[in-house]
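coords-v9.txt, holding compact mmCIF, C-alpha atoms:
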# COMPACT_ATOMS: atom_id res chain seq x y z
CA MET A 97 -7.34 4.32 25.26
CA ARG A 98 -7.55 6.84 22.42
CA LYS A 99 -5.43 9.33 24.45
CA ILE A 100 -2.74 6.70 25.05
CA LEU A 101 -2.62 5.78 21.35
CA MET A 102 -2.45 9.45 20.30
CA SER A 103 0.31 10.16 22.87
CA GLY A 104 2.31 7.20 21.59
CA LEU A 105 1.90 8.35 18.00
CA LEU A 106 3.03 11.89 18.85
CA LEU A 107 6.09 10.56 20.68
CA ALA A 108 6.99 8.33 17.74
CA VAL A 109 6.75 11.28 15.35
CA ALA A 110 8.82 13.49 17.65
CA PHE A 111 11.57 10.90 17.99
CA SER A 112 11.67 10.13 14.27
CA ALA A 113 11.93 13.84 13.39
CA ASN A 114 14.97 14.48 15.58
CA PRO A 115 18.48 13.97 14.23
CA ALA A 116 20.06 10.70 15.33
CA HIS A 117 23.68 10.41 16.33
CA ALA A 118 25.97 7.68 15.06
CA LEU A 119 29.71 7.22 15.24
CA ASP A 120 32.18 6.91 12.40
CA SER A 121 35.06 4.43 12.72
CA SER A 122 37.23 7.00 14.57
CA GLY A 123 34.57 7.50 17.26
CA THR A 124 33.61 10.98 15.99
CA PRO A 125 29.85 11.70 16.15
CA VAL A 126 28.01 11.80 12.84
CA VAL A 127 24.57 13.43 12.67
CA VAL A 128 21.97 11.36 10.82
CA THR A 129 18.77 13.24 9.96
CA PRO A 130 15.87 11.02 8.82
CA LEU A 131 14.14 12.49 5.74
CA ALA A 132 11.28 10.08 5.16
CA SER A 133 9.76 6.82 6.33
CA ARG A 134 6.73 5.69 4.36
CA THR A 135 5.06 2.51 3.19
CA THR A 136 2.92 4.13 0.47
CA THR A 137 3.45 6.27 -2.63
CA ALA A 138 2.29 9.87 -3.07
CA SER A 139 -1.10 8.55 -4.22
CA GLY A 140 -1.46 6.05 -1.34
CA GLN A 141 -0.38 2.86 -3.13
CA PRO A 142 1.64 0.29 -1.17
CA ILE A 143 5.30 0.37 -2.21
CA THR A 144 6.27 -2.84 -4.01
CA LEU A 145 9.72 -3.59 -5.35
CA PRO A 146 10.84 -5.51 -8.44
CA GLN A 147 11.04 -9.21 -7.61
CA LYS A 148 14.08 -10.21 -9.68
CA ASN A 149 17.32 -8.75 -10.98
CA VAL A 150 16.87 -5.41 -9.22
CA GLN A 151 18.94 -2.51 -10.53
CA VAL A 152 19.27 0.82 -8.69
CA LEU A 153 19.64 3.90 -10.89
CA VAL A 154 20.60 7.29 -9.42
CA SER A 155 20.21 10.50 -11.44
CA THR A 156 19.94 14.24 -11.02
CA TYR A 157 17.27 16.31 -12.71
CA ASP A 158 17.44 20.07 -13.33
CA ILE A 159 14.04 21.53 -14.28
CA LYS A 160 13.95 25.15 -15.43
CA SER A 161 11.53 27.63 -13.85
CA GLY A 162 8.13 27.37 -15.54
CA ALA A 163 8.94 24.06 -17.26
CA THR A 164 6.32 21.31 -17.38
CA LEU A 165 7.30 17.67 -17.91
CA PRO A 166 5.20 15.59 -20.32
CA VAL A 167 2.51 13.30 -18.91
CA HIS A 168 4.23 10.07 -17.91
CA ARG A 169 4.16 7.11 -15.51
CA HIS A 170 6.64 4.83 -13.80
CA PRO A 171 6.27 1.02 -13.83
CA PHE A 172 8.71 0.68 -10.90
CA PRO A 173 9.40 2.63 -7.68
CA ARG A 174 10.95 6.08 -8.04
CA TYR A 175 12.07 8.29 -5.17
CA ALA A 176 13.20 11.91 -5.43
CA TYR A 177 14.80 14.31 -2.97
CA VAL A 178 14.11 17.97 -3.77
CA GLN A 179 17.42 19.81 -3.43
CA ALA A 180 16.12 23.20 -4.65
CA GLY A 181 12.98 24.82 -6.02
CA THR A 182 9.26 24.05 -5.89
CA LEU A 183 7.64 21.26 -7.91
CA LYS A 184 3.91 20.62 -8.37
CA VAL A 185 3.04 17.02 -9.32
CA THR A 186 -0.47 16.32 -10.60
CA ASN A 187 -2.03 12.89 -10.98
CA VAL A 188 -3.85 13.42 -14.29
CA GLU A 189 -6.14 10.44 -13.60
CA THR A 190 -7.52 11.87 -10.34
CA GLY A 191 -6.69 15.59 -10.66
CA ILE A 192 -5.02 15.53 -7.23
CA SER A 193 -1.83 17.61 -6.93
CA ASN A 194 0.99 17.68 -4.40
CA THR A 195 3.54 20.47 -4.08
CA TYR A 196 7.10 19.71 -3.01
CA LYS A 197 9.83 22.17 -2.01
CA ALA A 198 13.52 21.97 -1.13
CA GLY A 199 14.06 19.39 1.59
CA ASP A 200 11.01 17.28 0.68
CA PHE A 201 11.24 13.61 -0.27
CA ILE A 202 8.91 12.32 -2.99
CA ILE A 203 7.78 8.71 -3.27
CA GLU A 204 6.29 8.78 -6.74
CA MET A 205 3.11 7.02 -7.77
CA ILE A 206 3.54 3.74 -9.67
CA GLY A 207 1.71 3.07 -12.94
CA GLN A 208 -0.42 6.23 -12.72
CA TRP A 209 -0.23 9.03 -15.29
CA HIS A 210 1.11 12.26 -13.82
CA GLN A 211 2.80 15.50 -14.76
CA ALA A 212 5.18 17.83 -12.92
CA THR A 213 5.64 21.59 -13.22
CA ASN A 214 8.30 23.86 -11.73
CA ILE A 215 6.04 26.51 -10.16
CA GLY A 216 8.84 28.52 -8.56
CA ASP A 217 11.24 31.23 -9.65
CA VAL A 218 14.35 29.03 -9.44
CA GLU A 219 15.44 25.80 -11.11
CA VAL A 220 14.19 22.61 -9.44
CA LYS A 221 17.04 20.24 -8.60
CA LEU A 222 16.16 16.63 -7.85
CA LEU A 223 18.21 13.63 -6.76
CA VAL A 224 16.26 10.69 -8.22
CA ILE A 225 16.57 7.02 -7.28
CA ASP A 226 14.88 4.32 -9.37
CA GLN A 227 14.55 0.64 -8.48
CA VAL A 228 13.87 -1.31 -11.68
CA GLU A 229 14.25 -4.77 -13.11
CA GLN A 230 17.72 -4.84 -14.63
CA GLY A 231 17.81 -3.14 -18.02
CA ALA A 232 14.27 -1.71 -17.77
CA LYS A 233 13.37 1.95 -18.14
CA ASN A 234 11.31 3.62 -15.44
CA THR A 235 9.55 6.33 -17.42
CA GLU A 236 6.85 5.78 -20.01
CA LEU A 237 5.49 8.84 -21.88
CA ARG A 238 1.78 8.99 -22.66
CA GLN A 239 1.18 8.84 -26.42
Representation of the structure as structure tokens:
Amino acid sequence: MRKILMSGLLLAVAFSANPAHALDSSGTPVVVTPLASRTTTASGQPITLPQKNVQVLVSTYDIKSGATLPVHRHPFPRYAYVQAGTLKVTNVETGISNTYKAGDFIIEMIGQWHQATNIGDVEVKLLVIDQVEQGAKNTELRQ
């Protein structure tokens, strides 16, 4: 039984990692490459969304080589796609760090204090998506 479950899991991973093909309205193939599919944050929390008046905010971040962001936390979900560079994110409550490089997708921890550092030689470029209650901010700096 364990072999069957493991085989099924490996097949699911293989299929989800391959580019999918879709068609645009003219019938021309469009390649869709899945980047992430997760139900938990970087620290293992279940992802929960705002329950009312949801607002989606999309931003880009450019973080210079060697720069360290202040300790902060997010009250709502935040997702980031690393377009360039290498970013180390440390949960200052647990001491656990994750390193992300170009092509990685980050599902940030919610309500936990953390800090990020550009540990590479080039600028980190992030595409960031926040889901907040309308009008709310999604970054709180530790005092």
**Request:** In Å, rounded to a single decimal, give me how far CA of His168 (chain A) is from CA of Thr235 (chain A).
**Result:**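 About the pair CA of Thr235 (chain A) and CA of His168 (chain A): they are 6.5 Å apart.
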**Prompt:** For Thr156 (chain A), which residue out of A:Ser139, A:Pro173, A:Gln179, A:Ile203 is the nearest one, using only C-alpha atoms?
**Reply:**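 The closest residue to Thr156 (chain A) is A:Gln179.
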**Message:** I want to know what sits within 12 Å of region 221-229 of chain A, based on only C-alpha atoms, with residues of the same chain fewer than 5 positions away left out; could you give that as a ChimeraX atom specification?
**Reply:** /A:143-161,170-183,196-204,206,214,216,234-235
**Message:** Rounded to one decimal, what separation in Å do you get between CA of Thr135 (chain A) and CA of Trp209 (chain A)?
**Reply:**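 Straight-line distance from CA of Thr135 (chain A) to CA of Trp209 (chain A) works out to 20.3 Å.
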**Request:** Record the distance separating CA of Val218 (chain A) and CA of Thr164 (chain A), expressed in Å with one decimal.
**Result:**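 Result for CA of Val218 (chain A) versus CA of Thr164 (chain A): 13.7 Å, one decimal.
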